[in-house]
>>> print(open('start-v3.pdb').read())   # PDB, C-alpha atoms
ATOM      1  CA  MET A   1     -10.869  16.944-155.378  1.00  0.00           C
ATOM      2  CA  GLU A   2     -12.727  18.295-152.346  1.00  0.00           C
ATOM      3  CA  THR A   3     -14.596  15.841-150.137  1.00  0.00           C
ATOM      4  CA  ILE A   4     -17.687  17.012-148.347  1.00  0.00           C
ATOM      5  CA  THR A   5     -18.252  15.726-144.842  1.00  0.00           C
ATOM      6  CA  LEU A   6     -21.896  15.492-143.887  1.00  0.00           C
ATOM      7  CA  THR A   7     -23.194  15.776-140.354  1.00  0.00           C
ATOM      8  CA  LYS A   8     -25.094  12.892-138.778  1.00  0.00           C
ATOM      9  CA  ALA A   9     -28.299  14.884-139.203  1.00  0.00           C
ATOM     10  CA  GLU A  10     -27.600  15.453-142.911  1.00  0.00           C
ATOM     11  CA  LEU A  11     -26.867  11.749-143.396  1.00  0.00           C
ATOM     12  CA  ALA A  12     -30.077  10.855-141.559  1.00  0.00           C
ATOM     13  CA  LEU A  13     -31.985  13.232-143.826  1.00  0.00           C
ATOM     14  CA  GLN A  14     -30.483  11.531-146.890  1.00  0.00           C
ATOM     15  CA  LEU A  15     -31.421   8.146-145.448  1.00  0.00           C
ATOM     16  CA  GLY A  16     -35.009   9.326-144.943  1.00  0.00           C
ATOM     17  CA  HIS A  17     -35.159  10.607-148.503  1.00  0.00           C
ATOM     18  CA  SER A  18     -33.769   7.323-149.829  1.00  0.00           C
ATOM     19  CA  MET A  19     -36.353   5.327-147.850  1.00  0.00           C
ATOM     20  CA  HIS A  20     -39.115   7.501-149.275  1.00  0.00           C
ATOM     21  CA  GLU A  21     -37.742   7.012-152.784  1.00  0.00           C
ATOM     22  CA  LEU A  22     -37.510   3.232-152.268  1.00  0.00           C
ATOM     23  CA  ARG A  23     -41.143   3.120-151.122  1.00  0.00           C
ATOM     24  CA  SER A  24     -42.152   5.134-154.171  1.00  0.00           C
ATOM     25  CA  TYR A  25     -40.407   2.711-156.545  1.00  0.00           C
ATOM     26  CA  VAL A  26     -41.894  -0.319-154.768  1.00  0.00           C
ATOM     27  CA  ARG A  27     -45.341   1.278-154.985  1.00  0.00           C
ATOM     28  CA  GLN A  28     -44.950   1.987-158.722  1.00  0.00           C
ATOM     29  CA  TYR A  29     -43.770  -1.549-159.417  1.00  0.00           C
ATOM     30  CA  ILE A  30     -46.650  -3.148-157.501  1.00  0.00           C
ATOM     31  CA  GLN A  31     -49.222  -0.796-159.056  1.00  0.00           C
ATOM     32  CA  VAL A  32     -48.065  -1.798-162.547  1.00  0.00           C
ATOM     33  CA  LYS A  33     -48.442  -5.497-161.640  1.00  0.00           C
ATOM     34  CA  ILE A  34     -51.903  -4.869-160.150  1.00  0.00           C
ATOM     35  CA  LYS A  35     -52.991  -3.042-163.309  1.00  0.00           C
ATOM     36  CA  GLU A  36     -51.466  -5.654-165.660  1.00  0.00           C
ATOM     37  CA  HIS A  37     -53.417  -8.416-163.916  1.00  0.00           C
ATOM     38  CA  SER A  38     -56.616  -6.374-163.400  1.00  0.00           C
ATOM     39  CA  VAL A  39     -56.678  -6.913-159.642  1.00  0.00           C
ATOM     40  CA  ASN A  40     -59.279  -4.672-157.979  1.00  0.00           C
ATOM     41  CA  ILE A  41     -57.107  -3.342-155.144  1.00  0.00           C
ATOM     42  CA  THR A  42     -55.024  -0.252-154.437  1.00  0.00           C
ATOM     43  CA  PHE A  43     -51.505  -0.177-153.027  1.00  0.00           C
ATOM     44  CA  GLU A  44     -52.884   1.227-149.749  1.00  0.00           C
ATOM     45  CA  MET A  45     -55.346  -1.653-149.508  1.00  0.00           C
ATOM     46  CA  LEU A  46     -52.497  -4.057-150.187  1.00  0.00           C
ATOM     47  CA  GLU A  47     -50.565  -2.593-147.254  1.00  0.00           C
ATOM     48  CA  VAL A  48     -53.574  -3.221-144.996  1.00  0.00           C
ATOM     49  CA  MET A  49     -54.034  -6.716-146.399  1.00  0.00           C
ATOM     50  CA  SER A  50     -50.341  -7.474-145.795  1.00  0.00           C
ATOM     51  CA  PHE A  51     -50.815  -6.780-142.096  1.00  0.00           C
ATOM     52  CA  ILE A  52     -54.040  -8.823-141.904  1.00  0.00           C
ATOM     53  CA  TRP A  53     -52.312 -11.745-143.662  1.00  0.00           C
ATOM     54  CA  LYS A  54     -49.816 -11.727-140.792  1.00  0.00           C
ATOM     55  CA  LYS A  55     -52.357 -11.138-138.028  1.00  0.00           C
ATOM     56  CA  ASP A  56     -55.856 -12.169-139.060  1.00  0.00           C
ATOM     57  CA  GLY A  57     -58.540 -11.049-136.599  1.00  0.00           C
ATOM     58  CA  SER A  58     -56.882  -7.772-135.589  1.00  0.00           C
ATOM     59  CA  ASN A  59     -58.938  -4.789-134.576  1.00  0.00           C
ATOM     60  CA  GLN A  60     -59.155  -1.704-136.738  1.00  0.00           C
ATOM     61  CA  GLN A  61     -57.059   0.470-134.398  1.00  0.00           C
ATOM     62  CA  GLU A  62     -54.235  -2.072-134.304  1.00  0.00           C
ATOM     63  CA  ILE A  63     -54.189  -2.200-138.109  1.00  0.00           C
ATOM     64  CA  ALA A  64     -54.200   1.621-138.273  1.00  0.00           C
ATOM     65  CA  ASP A  65     -51.293   1.830-135.810  1.00  0.00           C
ATOM     66  CA  GLU A  66     -49.220  -0.782-137.639  1.00  0.00           C
ATOM     67  CA  THR A  67     -49.823   0.713-141.090  1.00  0.00           C
ATOM     68  CA  LEU A  68     -49.314   4.282-139.808  1.00  0.00           C
ATOM     69  CA  ARG A  69     -52.797   5.492-140.753  1.00  0.00           C
ATOM     70  CA  ASP A  70     -55.402   7.519-138.922  1.00  0.00           C
ATOM     71  CA  LYS A  71     -58.688   5.928-137.896  1.00  0.00           C
ATOM     72  CA  SER A  72     -60.829   7.639-140.549  1.00  0.00           C
ATOM     73  CA  SER A  73     -58.628   6.580-143.474  1.00  0.00           C
ATOM     74  CA  MET A  74     -58.476   3.069-142.011  1.00  0.00           C
ATOM     75  CA  THR A  75     -62.283   2.939-141.886  1.00  0.00           C
ATOM     76  CA  TYR A  76     -62.401   3.949-145.550  1.00  0.00           C
ATOM     77  CA  LEU A  77     -59.816   1.320-146.560  1.00  0.00           C
ATOM     78  CA  ILE A  78     -61.523  -1.472-144.622  1.00  0.00           C
ATOM     79  CA  ASP A  79     -64.939  -0.457-146.005  1.00  0.00           C
ATOM     80  CA  ASN A  80     -63.501  -0.867-149.499  1.00  0.00           C
ATOM     81  CA  LEU A  81     -61.896  -4.212-148.647  1.00  0.00           C
ATOM     82  CA  VAL A  82     -65.268  -5.403-147.298  1.00  0.00           C
ATOM     83  CA  LYS A  83     -67.006  -4.236-150.509  1.00  0.00           C
ATOM     84  CA  ARG A  84     -64.471  -6.232-152.541  1.00  0.00           C
ATOM     85  CA  GLY A  85     -65.148  -9.317-150.447  1.00  0.00           C
ATOM     86  CA  LEU A  86     -61.576  -9.556-149.140  1.00  0.00           C
ATOM     87  CA  VAL A  87     -62.253  -9.054-145.409  1.00  0.00           C
ATOM     88  CA  LYS A  88     -65.193  -9.083-143.024  1.00  0.00           C
ATOM     89  CA  ARG A  89     -65.889  -7.282-139.767  1.00  0.00           C
ATOM     90  CA  VAL A  90     -66.793  -9.459-136.796  1.00  0.00           C
ATOM     91  CA  GLU A  91     -68.016  -8.125-133.460  1.00  0.00           C
ATOM     92  CA  ASP A  92     -65.520  -8.670-130.646  1.00  0.00           C
ATOM     93  CA  GLU A  93     -67.099 -10.966-128.041  1.00  0.00           C
ATOM     94  CA  ASN A  94     -65.257  -9.111-125.249  1.00  0.00           C
ATOM     95  CA  ASP A  95     -66.193  -5.605-126.417  1.00  0.00           C
ATOM     96  CA  ARG A  96     -69.207  -5.166-128.686  1.00  0.00           C
ATOM     97  CA  ARG A  97     -68.012  -1.698-129.767  1.00  0.00           C
ATOM     98  CA  ASN A  98     -64.877  -3.234-131.205  1.00  0.00           C
ATOM     99  CA  LYS A  99     -64.827  -4.912-134.614  1.00  0.00           C
ATOM    100  CA  LEU A 100     -62.240  -7.501-135.553  1.00  0.00           C
ATOM    101  CA  ILE A 101     -61.112  -7.758-139.163  1.00  0.00           C
ATOM    102  CA  PHE A 102     -60.893 -11.245-140.642  1.00  0.00           C
ATOM    103  CA  LEU A 103     -59.873 -12.437-144.084  1.00  0.00           C
ATOM    104  CA  THR A 104     -62.427 -14.051-146.343  1.00  0.00           C
ATOM    105  CA  GLU A 105     -61.458 -17.001-148.533  1.00  0.00           C
ATOM    106  CA  GLN A 106     -61.062 -14.523-151.399  1.00  0.00           C
ATOM    107  CA  GLY A 107     -58.755 -12.392-149.221  1.00  0.00           C
ATOM    108  CA  LYS A 108     -56.638 -15.422-148.357  1.00  0.00           C
ATOM    109  CA  ALA A 109     -56.421 -16.400-152.030  1.00  0.00           C
ATOM    110  CA  LEU A 110     -55.299 -12.910-153.017  1.00  0.00           C
ATOM    111  CA  LYS A 111     -52.150 -13.368-150.923  1.00  0.00           C
ATOM    112  CA  GLU A 112     -51.037 -16.210-153.193  1.00  0.00           C
ATOM    113  CA  GLN A 113     -51.370 -13.935-156.218  1.00  0.00           C
ATOM    114  CA  LEU A 114     -49.790 -10.760-154.801  1.00  0.00           C
ATOM    115  CA  ASN A 115     -46.969 -12.029-152.578  1.00  0.00           C
ATOM    116  CA  PRO A 116     -44.787 -13.167-155.506  1.00  0.00           C
ATOM    117  CA  TRP A 117     -44.908  -9.637-156.946  1.00  0.00           C
ATOM    118  CA  VAL A 118     -43.863  -8.116-153.635  1.00  0.00           C
ATOM    119  CA  ALA A 119     -41.073 -10.674-153.256  1.00  0.00           C
ATOM    120  CA  GLU A 120     -39.956  -9.992-156.842  1.00  0.00           C
ATOM    121  CA  VAL A 121     -39.603  -6.249-156.378  1.00  0.00           C
ATOM    122  CA  TYR A 122     -37.601  -6.679-153.171  1.00  0.00           C
ATOM    123  CA  ASP A 123     -35.446  -9.393-154.762  1.00  0.00           C
ATOM    124  CA  ILE A 124     -34.583  -6.877-157.489  1.00  0.00           C
ATOM    125  CA  ALA A 125     -33.855  -4.170-154.909  1.00  0.00           C
ATOM    126  CA  ILE A 126     -31.508  -6.345-152.827  1.00  0.00           C
ATOM    127  CA  ALA A 127     -29.804  -8.259-155.641  1.00  0.00           C
ATOM    128  CA  ASP A 128     -26.406  -6.648-154.983  1.00  0.00           C
ATOM    129  CA  LEU A 129     -26.620  -6.552-151.172  1.00  0.00           C
ATOM    130  CA  GLU A 130     -25.221  -8.852-148.528  1.00  0.00           C
ATOM    131  CA  THR A 131     -27.523 -10.284-145.869  1.00  0.00           C
ATOM    132  CA  ALA A 132     -25.380  -8.712-143.127  1.00  0.00           C
ATOM    133  CA  SER A 133     -25.843  -5.254-144.681  1.00  0.00           C
ATOM    134  CA  LEU A 134     -29.611  -5.707-144.650  1.00  0.00           C
ATOM    135  CA  GLN A 135     -29.541  -6.905-141.045  1.00  0.00           C
ATOM    136  CA  ASP A 136     -27.431  -3.899-140.029  1.00  0.00           C
ATOM    137  CA  SER A 137     -29.850  -1.589-141.845  1.00  0.00           C
ATOM    138  CA  VAL A 138     -32.843  -3.023-140.032  1.00  0.00           C
ATOM    139  CA  VAL A 139     -31.083  -2.592-136.681  1.00  0.00           C
ATOM    140  CA  LEU A 140     -30.123   0.981-137.602  1.00  0.00           C
ATOM    141  CA  LEU A 141     -33.655   1.962-138.637  1.00  0.00           C
ATOM    142  CA  ASN A 142     -35.181   0.338-135.565  1.00  0.00           C
ATOM    143  CA  LYS A 143     -32.789   2.311-133.333  1.00  0.00           C
ATOM    144  CA  MET A 144     -33.776   5.553-135.087  1.00  0.00           C
ATOM    145  CA  ILE A 145     -37.477   4.700-134.732  1.00  0.00           C
ATOM    146  CA  GLY A 146     -36.958   3.814-131.073  1.00  0.00           C
ATOM    147  CA  SER A 147     -35.229   7.149-130.422  1.00  0.00           C
ATOM    148  CA  LEU A 148     -38.103   9.046-132.002  1.00  0.00           C
ATOM    149  CA  LYS A 149     -40.717   7.053-130.086  1.00  0.00           C
ATOM    150  CA  THR A 150     -38.881   7.629-126.809  1.00  0.00           C
ATOM    151  CA  ASN A 151     -38.546  11.345-127.509  1.00  0.00           C
ATOM    152  CA  LYS A 152     -42.224  11.596-128.485  1.00  0.00           C
ATOM    153  CA  SER A 153     -43.352   9.966-125.252  1.00  0.00           C
ATOM    154  CA  GLN A 154     -41.208  12.370-123.204  1.00  0.00           C
ATOM    155  CA  ASN A 155     -42.812  15.473-124.755  1.00  0.00           C
TER     156      ASN A 155
END
>>> encode(input="start-v3.pdb", output="C-alpha coordinates")
Amino acid sequence: METITLTKAELALQLGHSMHELRSYVRQYIQVKIKEHSVNITFEMLEVMSFIWKKDGSNQQEIADETLRDKSSMTYLIDNLVKRGLVKRVEDENDRRNKLIFLTEQGKALKEQLNPWVAEVYDIAIADLETASLQDSVVLLNKMIGSLKTNKSQN
(Lines of atoms letter the chains of each structure in order from A and count residues from 1; the text may use other names and numbers.)
(Lines give C-alpha, C1' and ligand atoms only; values in the text may rest on other atoms or scores of the structure.)
Protein backbone atom coordinates (compact mmCIF):
# COMPACT_ATOMS: atom_id res chain seq x y z
CA MET A 1 0.00 0.00 0.00
CA GLU A 2 1.40 3.38 -1.06
CA THR A 3 1.61 6.13 1.54
CA ILE A 4 1.26 9.70 0.42
CA THR A 5 3.45 12.27 2.12
CA LEU A 6 1.92 15.72 2.24
CA THR A 7 3.90 18.93 2.34
CA LYS A 8 3.54 21.30 5.28
CA ALA A 9 1.52 23.62 3.06
CA GLU A 10 -0.84 20.80 2.05
CA LEU A 11 -1.29 19.81 5.70
CA ALA A 12 -1.97 23.44 6.62
CA LEU A 13 -4.56 23.61 3.86
CA GLN A 14 -6.26 20.48 5.23
CA LEU A 15 -6.19 22.00 8.71
CA GLY A 16 -7.84 25.17 7.39
CA HIS A 17 -10.51 23.13 5.65
CA SER A 18 -11.15 21.11 8.81
CA MET A 19 -11.49 24.30 10.88
CA HIS A 20 -13.99 25.66 8.37
CA GLU A 21 -15.93 22.40 8.48
CA LEU A 22 -15.92 22.42 12.31
CA ARG A 23 -17.29 25.98 12.34
CA SER A 24 -19.99 24.95 9.89
CA TYR A 25 -21.09 22.03 12.08
CA VAL A 26 -21.06 24.20 15.22
CA ARG A 27 -23.12 26.83 13.40
CA GLN A 28 -25.68 24.23 12.23
CA TYR A 29 -25.99 22.77 15.71
CA ILE A 30 -26.50 26.16 17.37
CA GLN A 31 -28.96 27.30 14.68
CA VAL A 32 -31.10 24.20 15.28
CA LYS A 33 -31.15 24.94 19.04
CA ILE A 34 -32.03 28.60 18.39
CA LYS A 35 -34.90 27.56 16.11
CA GLU A 36 -36.15 24.82 18.48
CA HIS A 37 -36.39 27.35 21.32
CA SER A 38 -37.67 30.24 19.17
CA VAL A 39 -34.87 32.60 20.18
CA ASN A 40 -34.86 35.74 18.02
CA ILE A 41 -31.14 35.83 17.21
CA THR A 42 -28.88 34.73 14.38
CA PHE A 43 -25.61 32.83 14.71
CA GLU A 44 -23.71 35.99 13.66
CA MET A 45 -25.45 37.98 16.38
CA LEU A 46 -24.56 35.25 18.85
CA GLU A 47 -20.89 35.59 17.91
CA VAL A 48 -21.08 39.33 18.63
CA MET A 49 -22.95 38.71 21.88
CA SER A 50 -20.31 36.16 22.94
CA PHE A 51 -17.64 38.84 22.71
CA ILE A 52 -19.76 41.43 24.55
CA TRP A 53 -20.47 38.89 27.32
CA LYS A 54 -16.71 38.70 27.83
CA LYS A 55 -16.05 42.42 27.45
CA ASP A 56 -19.14 44.50 28.12
CA GLY A 57 -18.73 48.17 27.16
CA SER A 58 -16.47 47.59 24.16
CA ASN A 59 -16.52 49.93 21.21
CA GLN A 60 -17.90 48.86 17.86
CA GLN A 61 -14.49 48.73 16.14
CA GLU A 62 -13.04 46.49 18.85
CA ILE A 63 -15.98 44.10 18.48
CA ALA A 64 -15.57 44.12 14.68
CA ASP A 65 -11.84 43.37 14.98
CA GLU A 66 -12.35 40.53 17.45
CA THR A 67 -15.19 38.92 15.49
CA LEU A 68 -13.38 39.42 12.15
CA ARG A 69 -16.08 41.61 10.61
CA ASP A 70 -15.98 44.86 8.68
CA LYS A 71 -17.43 48.02 10.19
CA SER A 72 -20.57 48.12 8.01
CA SER A 73 -21.63 44.55 8.82
CA MET A 74 -20.90 45.22 12.49
CA THR A 75 -23.16 48.28 12.40
CA TYR A 76 -25.93 46.14 10.91
CA LEU A 77 -25.50 43.41 13.55
CA ILE A 78 -25.44 45.86 16.45
CA ASP A 79 -28.47 47.72 15.06
CA ASN A 80 -30.35 44.42 15.10
CA LEU A 81 -29.17 43.58 18.62
CA VAL A 82 -30.37 47.02 19.76
CA LYS A 83 -33.77 46.44 18.08
CA ARG A 84 -34.06 43.13 19.95
CA GLY A 85 -33.29 44.86 23.23
CA LEU A 86 -30.11 42.85 23.86
CA VAL A 87 -27.57 45.70 23.81
CA LYS A 88 -27.53 49.49 23.97
CA ARG A 89 -25.18 52.10 22.56
CA VAL A 90 -23.74 54.58 25.05
CA GLU A 91 -21.72 57.64 24.09
CA ASP A 92 -18.08 57.41 25.15
CA GLU A 93 -17.35 60.18 27.66
CA ASN A 94 -13.79 60.52 26.30
CA ASP A 95 -14.78 60.64 22.62
CA ARG A 96 -18.33 61.62 21.71
CA ARG A 97 -17.95 60.13 18.21
CA ASN A 98 -17.35 56.73 19.74
CA LYS A 99 -20.20 54.53 20.96
CA LEU A 100 -19.70 51.83 23.56
CA ILE A 101 -21.84 48.71 23.41
CA PHE A 102 -23.34 47.51 26.68
CA LEU A 103 -25.55 44.55 27.48
CA THR A 104 -29.10 45.10 28.62
CA GLU A 105 -30.62 42.90 31.32
CA GLN A 106 -32.25 40.89 28.51
CA GLY A 107 -28.84 40.49 26.83
CA LYS A 108 -27.29 39.27 30.08
CA ALA A 109 -30.15 36.80 30.58
CA LEU A 110 -29.73 35.42 27.07
CA LYS A 111 -26.23 34.22 27.99
CA GLU A 112 -27.71 31.86 30.58
CA GLN A 113 -29.94 30.32 27.91
CA LEU A 114 -27.42 30.06 25.05
CA ASN A 115 -24.14 29.17 26.78
CA PRO A 116 -25.22 25.61 27.66
CA TRP A 117 -25.92 24.93 23.97
CA VAL A 118 -22.49 26.20 22.96
CA ALA A 119 -20.84 24.17 25.71
CA GLU A 120 -22.84 21.09 24.64
CA VAL A 121 -21.73 21.22 21.02
CA TYR A 122 -18.08 21.62 21.99
CA ASP A 123 -18.36 18.85 24.60
CA ILE A 124 -19.59 16.57 21.81
CA ALA A 125 -16.76 17.68 19.52
CA ILE A 126 -14.01 17.05 22.09
CA ALA A 127 -15.41 13.91 23.72
CA ASP A 128 -12.58 11.70 22.42
CA LEU A 129 -9.75 14.23 22.81
CA GLU A 130 -7.16 14.69 25.52
CA THR A 131 -6.72 18.10 27.14
CA ALA A 132 -3.05 18.16 26.07
CA SER A 133 -4.05 17.67 22.42
CA LEU A 134 -6.41 20.64 22.64
CA GLN A 135 -3.74 22.77 24.30
CA ASP A 136 -1.23 21.84 21.59
CA SER A 137 -3.80 22.69 18.91
CA VAL A 138 -4.44 26.11 20.38
CA VAL A 139 -0.70 26.81 20.50
CA LEU A 140 -0.32 25.60 16.91
CA LEU A 141 -3.16 27.77 15.58
CA ASN A 142 -1.94 30.82 17.49
CA LYS A 143 1.54 30.38 15.98
CA MET A 144 0.03 30.17 12.48
CA ILE A 145 -2.10 33.27 13.14
CA GLY A 146 0.93 35.10 14.53
CA SER A 147 2.97 34.25 11.42
CA LEU A 148 0.25 35.59 9.16
CA LYS A 149 -0.16 38.76 11.21
CA THR A 150 3.59 39.37 11.19
CA ASN A 151 3.78 38.79 7.44
CA LYS A 152 0.80 41.08 6.83
CA SER A 153 2.38 43.91 8.80
CA GLN A 154 5.63 43.57 6.82
CA ASN A 155 3.87 43.97 3.45
>>> closest_residue(input="start-v3.pdb", among="A:Leu77, A:Met19, A:Ala64, A:Leu148", to="Phe43 of chain A", atoms="all atoms listed in the file")
A:Leu77
>>> resolve_selection(input="start-v3.pdb", expression="the PyMOL selection byres ((chain A and resi 41) around 12)", output="tab-separated table (two decimals) with C-alpha atoms, in the coordinates of the input")
chain	number	residue	atom	x	y	z
A	30	ILE	CA	-46.65	-3.15	-157.50
A	31	GLN	CA	-49.22	-0.80	-159.06
A	32	VAL	CA	-48.06	-1.80	-162.55
A	33	LYS	CA	-48.44	-5.50	-161.64
A	34	ILE	CA	-51.90	-4.87	-160.15
A	35	LYS	CA	-52.99	-3.04	-163.31
A	37	HIS	CA	-53.42	-8.42	-163.92
A	38	SER	CA	-56.62	-6.37	-163.40
A	39	VAL	CA	-56.68	-6.91	-159.64
A	40	ASN	CA	-59.28	-4.67	-157.98
A	42	THR	CA	-55.02	-0.25	-154.44
A	43	PHE	CA	-51.50	-0.18	-153.03
A	44	GLU	CA	-52.88	1.23	-149.75
A	45	MET	CA	-55.35	-1.65	-149.51
A	46	LEU	CA	-52.50	-4.06	-150.19
A	47	GLU	CA	-50.56	-2.59	-147.25
A	48	VAL	CA	-53.57	-3.22	-145.00
A	49	MET	CA	-54.03	-6.72	-146.40
A	77	LEU	CA	-59.82	1.32	-146.56
A	78	ILE	CA	-61.52	-1.47	-144.62
A	80	ASN	CA	-63.50	-0.87	-149.50
A	81	LEU	CA	-61.90	-4.21	-148.65
A	82	VAL	CA	-65.27	-5.40	-147.30
A	83	LYS	CA	-67.01	-4.24	-150.51
A	84	ARG	CA	-64.47	-6.23	-152.54
A	85	GLY	CA	-65.15	-9.32	-150.45
A	86	LEU	CA	-61.58	-9.56	-149.14
A	107	GLY	CA	-58.76	-12.39	-149.22
A	110	LEU	CA	-55.30	-12.91	-153.02
A	111	LYS	CA	-52.15	-13.37	-150.92
A	114	LEU	CA	-49.79	-10.76	-154.80
>>> closest_residue(input="start-v3.pdb", among="A:Ser147, A:Ser137, A:Glu105, A:Ala132", to="Trp53 of chain A", atoms="only C-alpha atoms")
A:Glu105
>>> atom_distance(input="start-v3.pdb", atom1="atom CA of Thr75 of chain A", atom2="atom CA of Lys54 of chain A")
19.3 Å
>>> atom_distance(input="start-v3.pdb", atom1="atom CA of Ile63 of chain A", atom2="atom CA of Asp123 of chain A")
26.1 Å
>>> axis_aligned_box(input="start-v3.pdb", around="segment 103-118 of chain A", padding_each_side="3 Å", output="JSON")
{"center_x": -53.1, "center_y": -12.6, "center_z": -150.5, "size_x": 24.6, "size_y": 14.9, "size_z": 18.9}
>>> closest_residue(input="start-v3.pdb", among="A:Ala125, A:Leu22, A:Val90, A:Ile101", to="Asn59 of chain A", atoms="only C-alpha atoms")
A:Ile101
>>> atom_distance(input="start-v3.pdb", atom1="atom CA of Ser18 of chain A", atom2="atom CA of Gln154 of chain A")
28.1 Å
>>> closest_residue(input="start-v3.pdb", among="A:Asn115, A:Asn142, A:Thr131, A:Gln60", to="Arg97 of chain A", atoms="all atoms listed in the file")
A:Gln60
>>> residues_around(input="start-v3.pdb", residues="Glu62 of chain A", least_positions_apart="4", cutoff="12 Å", atoms="only C-alpha atoms", output="ChimeraX atom specification")
/A:48,51-52,55-58,66-71,74,98-101
>>> write_last_selection(input="start-v3.pdb", atoms="C-alpha atoms", output="mmCIF file, in the frame of the given file")
data_model
loop_
_atom_site.group_PDB
_atom_site.id
_atom_site.type_symbol
_atom_site.label_atom_id
_atom_site.label_comp_id
_atom_site.auth_asym_id
_atom_site.auth_seq_id
_atom_site.Cartn_x
_atom_site.Cartn_y
_atom_site.Cartn_z
ATOM 1 C CA VAL A 48 -53.574 -3.221 -144.996
ATOM 2 C CA PHE A 51 -50.815 -6.780 -142.096
ATOM 3 C CA ILE A 52 -54.040 -8.823 -141.904
ATOM 4 C CA LYS A 55 -52.357 -11.138 -138.028
ATOM 5 C CA ASP A 56 -55.856 -12.169 -139.060
ATOM 6 C CA GLY A 57 -58.540 -11.049 -136.599
ATOM 7 C CA SER A 58 -56.882 -7.772 -135.589
ATOM 8 C CA GLU A 66 -49.220 -0.782 -137.639
ATOM 9 C CA THR A 67 -49.823 0.713 -141.090
ATOM 10 C CA LEU A 68 -49.314 4.282 -139.808
ATOM 11 C CA ARG A 69 -52.797 5.492 -140.753
ATOM 12 C CA ASP A 70 -55.402 7.519 -138.922
ATOM 13 C CA LYS A 71 -58.688 5.928 -137.896
ATOM 14 C CA MET A 74 -58.476 3.069 -142.011
ATOM 15 C CA ASN A 98 -64.877 -3.234 -131.205
ATOM 16 C CA LYS A 99 -64.827 -4.912 -134.614
ATOM 17 C CA LEU A 100 -62.240 -7.501 -135.553
ATOM 18 C CA ILE A 101 -61.112 -7.758 -139.163
#
>>> residues_near_point(input="start-v3.pdb", point="(-38.5, -5.4, -155.0)", cutoff="12 Å", atoms="only C-alpha atoms", output="list in words")
Leu22, Arg23, Ser24, Tyr25, Val26, Arg27, Gln28, Tyr29, Ile30, Lys33, Asn115, Pro116, Trp117, Val118, Ala119, Glu120, Val121, Tyr122, Asp123, Ile124, Ala125, Ile126 and Ala127 of chain A
>>> decode(input="start-v3.pdb", residues="segment 33-45 of chain A", atoms="all heavy atoms", output="short mmCIF file (atom, residue, chain, number, x, y, z; two decimals), in the first residue's frame")
data_model
loop_
_atom_site.label_atom_id
_atom_site.label_comp_id
_atom_site.auth_asym_id
_atom_site.auth_seq_id
_atom_site.Cartn_x
_atom_site.Cartn_y
_atom_site.Cartn_z
N LYS A 33 -30.74 24.65 17.66
CA LYS A 33 -31.15 24.94 19.04
C LYS A 33 -31.90 26.27 19.11
O LYS A 33 -32.91 26.38 19.80
CB LYS A 33 -29.93 24.98 19.97
CG LYS A 33 -29.29 23.64 20.20
CD LYS A 33 -30.16 22.80 21.10
CE LYS A 33 -29.43 21.56 21.55
NZ LYS A 33 -30.25 20.72 22.41
N ILE A 34 -31.39 27.28 18.41
CA ILE A 34 -32.03 28.60 18.39
C ILE A 34 -33.45 28.48 17.83
O ILE A 34 -34.40 29.03 18.39
CB ILE A 34 -31.18 29.60 17.58
CG1 ILE A 34 -29.92 29.98 18.37
CG2 ILE A 34 -31.98 30.84 17.21
CD1 ILE A 34 -28.90 30.78 17.56
N LYS A 35 -33.58 27.73 16.74
CA LYS A 35 -34.90 27.56 16.11
C LYS A 35 -35.84 26.76 17.01
O LYS A 35 -37.00 27.13 17.18
CB LYS A 35 -34.73 26.87 14.75
CG LYS A 35 -35.99 26.84 13.94
CD LYS A 35 -35.74 26.29 12.55
CE LYS A 35 -37.02 26.33 11.73
NZ LYS A 35 -36.82 25.86 10.37
N GLU A 36 -35.33 25.66 17.60
CA GLU A 36 -36.15 24.82 18.48
C GLU A 36 -36.74 25.63 19.64
O GLU A 36 -37.85 25.37 20.09
CB GLU A 36 -35.31 23.68 19.07
CG GLU A 36 -35.05 22.53 18.16
CD GLU A 36 -34.13 21.48 18.78
OE1 GLU A 36 -33.65 21.67 19.94
OE2 GLU A 36 -33.86 20.48 18.10
N HIS A 37 -35.97 26.58 20.14
CA HIS A 37 -36.39 27.35 21.32
C HIS A 37 -36.92 28.74 20.95
O HIS A 37 -37.14 29.57 21.83
CB HIS A 37 -35.22 27.47 22.31
CG HIS A 37 -34.86 26.15 22.92
ND1 HIS A 37 -34.00 25.25 22.31
CD2 HIS A 37 -35.26 25.54 24.06
CE1 HIS A 37 -33.87 24.18 23.05
NE2 HIS A 37 -34.63 24.33 24.13
N SER A 38 -37.09 28.98 19.66
CA SER A 38 -37.67 30.24 19.17
C SER A 38 -36.97 31.48 19.73
O SER A 38 -37.61 32.43 20.16
CB SER A 38 -39.17 30.31 19.47
OG SER A 38 -39.83 29.22 18.88
N VAL A 39 -35.65 31.44 19.74
CA VAL A 39 -34.87 32.60 20.18
C VAL A 39 -34.66 33.50 18.97
O VAL A 39 -34.24 33.04 17.91
CB VAL A 39 -33.52 32.16 20.78
CG1 VAL A 39 -32.69 33.36 21.19
CG2 VAL A 39 -33.75 31.22 21.96
N ASN A 40 -34.93 34.78 19.13
CA ASN A 40 -34.86 35.74 18.02
C ASN A 40 -33.44 36.29 17.87
O ASN A 40 -33.17 37.46 18.20
CB ASN A 40 -35.87 36.88 18.25
CG ASN A 40 -35.99 37.78 17.05
OD1 ASN A 40 -35.56 37.45 15.95
ND2 ASN A 40 -36.57 38.94 17.26
N ILE A 41 -32.54 35.44 17.40
CA ILE A 41 -31.14 35.83 17.21
C ILE A 41 -30.54 34.96 16.11
O ILE A 41 -30.96 33.82 15.92
CB ILE A 41 -30.35 35.69 18.54
CG1 ILE A 41 -28.99 36.40 18.46
CG2 ILE A 41 -30.21 34.24 18.94
CD1 ILE A 41 -28.31 36.50 19.81
N THR A 42 -29.58 35.51 15.39
CA THR A 42 -28.88 34.73 14.38
C THR A 42 -27.54 34.25 14.95
O THR A 42 -27.07 34.76 15.98
CB THR A 42 -28.59 35.57 13.11
OG1 THR A 42 -27.67 36.62 13.46
CG2 THR A 42 -29.87 36.15 12.53
N PHE A 43 -26.90 33.33 14.27
CA PHE A 43 -25.61 32.83 14.71
C PHE A 43 -24.59 33.98 14.73
O PHE A 43 -23.77 34.07 15.65
CB PHE A 43 -25.13 31.71 13.78
CG PHE A 43 -23.84 31.08 14.21
CD1 PHE A 43 -23.81 30.18 15.26
CD2 PHE A 43 -22.65 31.39 13.58
CE1 PHE A 43 -22.62 29.59 15.66
CE2 PHE A 43 -21.46 30.82 13.97
CZ PHE A 43 -21.45 29.92 15.02
N GLU A 44 -24.64 34.86 13.73
CA GLU A 44 -23.71 35.99 13.66
C GLU A 44 -23.91 36.92 14.85
O GLU A 44 -22.95 37.43 15.42
CB GLU A 44 -23.89 36.75 12.34
CG GLU A 44 -23.42 36.01 11.12
CD GLU A 44 -24.34 34.86 10.66
OE1 GLU A 44 -25.53 34.81 11.09
OE2 GLU A 44 -23.86 34.01 9.89
N MET A 45 -25.17 37.14 15.21
CA MET A 45 -25.45 37.98 16.38
C MET A 45 -24.93 37.31 17.65
O MET A 45 -24.41 37.97 18.54
CB MET A 45 -26.95 38.24 16.51
CG MET A 45 -27.50 39.18 15.48
SD MET A 45 -29.28 39.36 15.77
CE MET A 45 -29.81 39.74 14.13
#
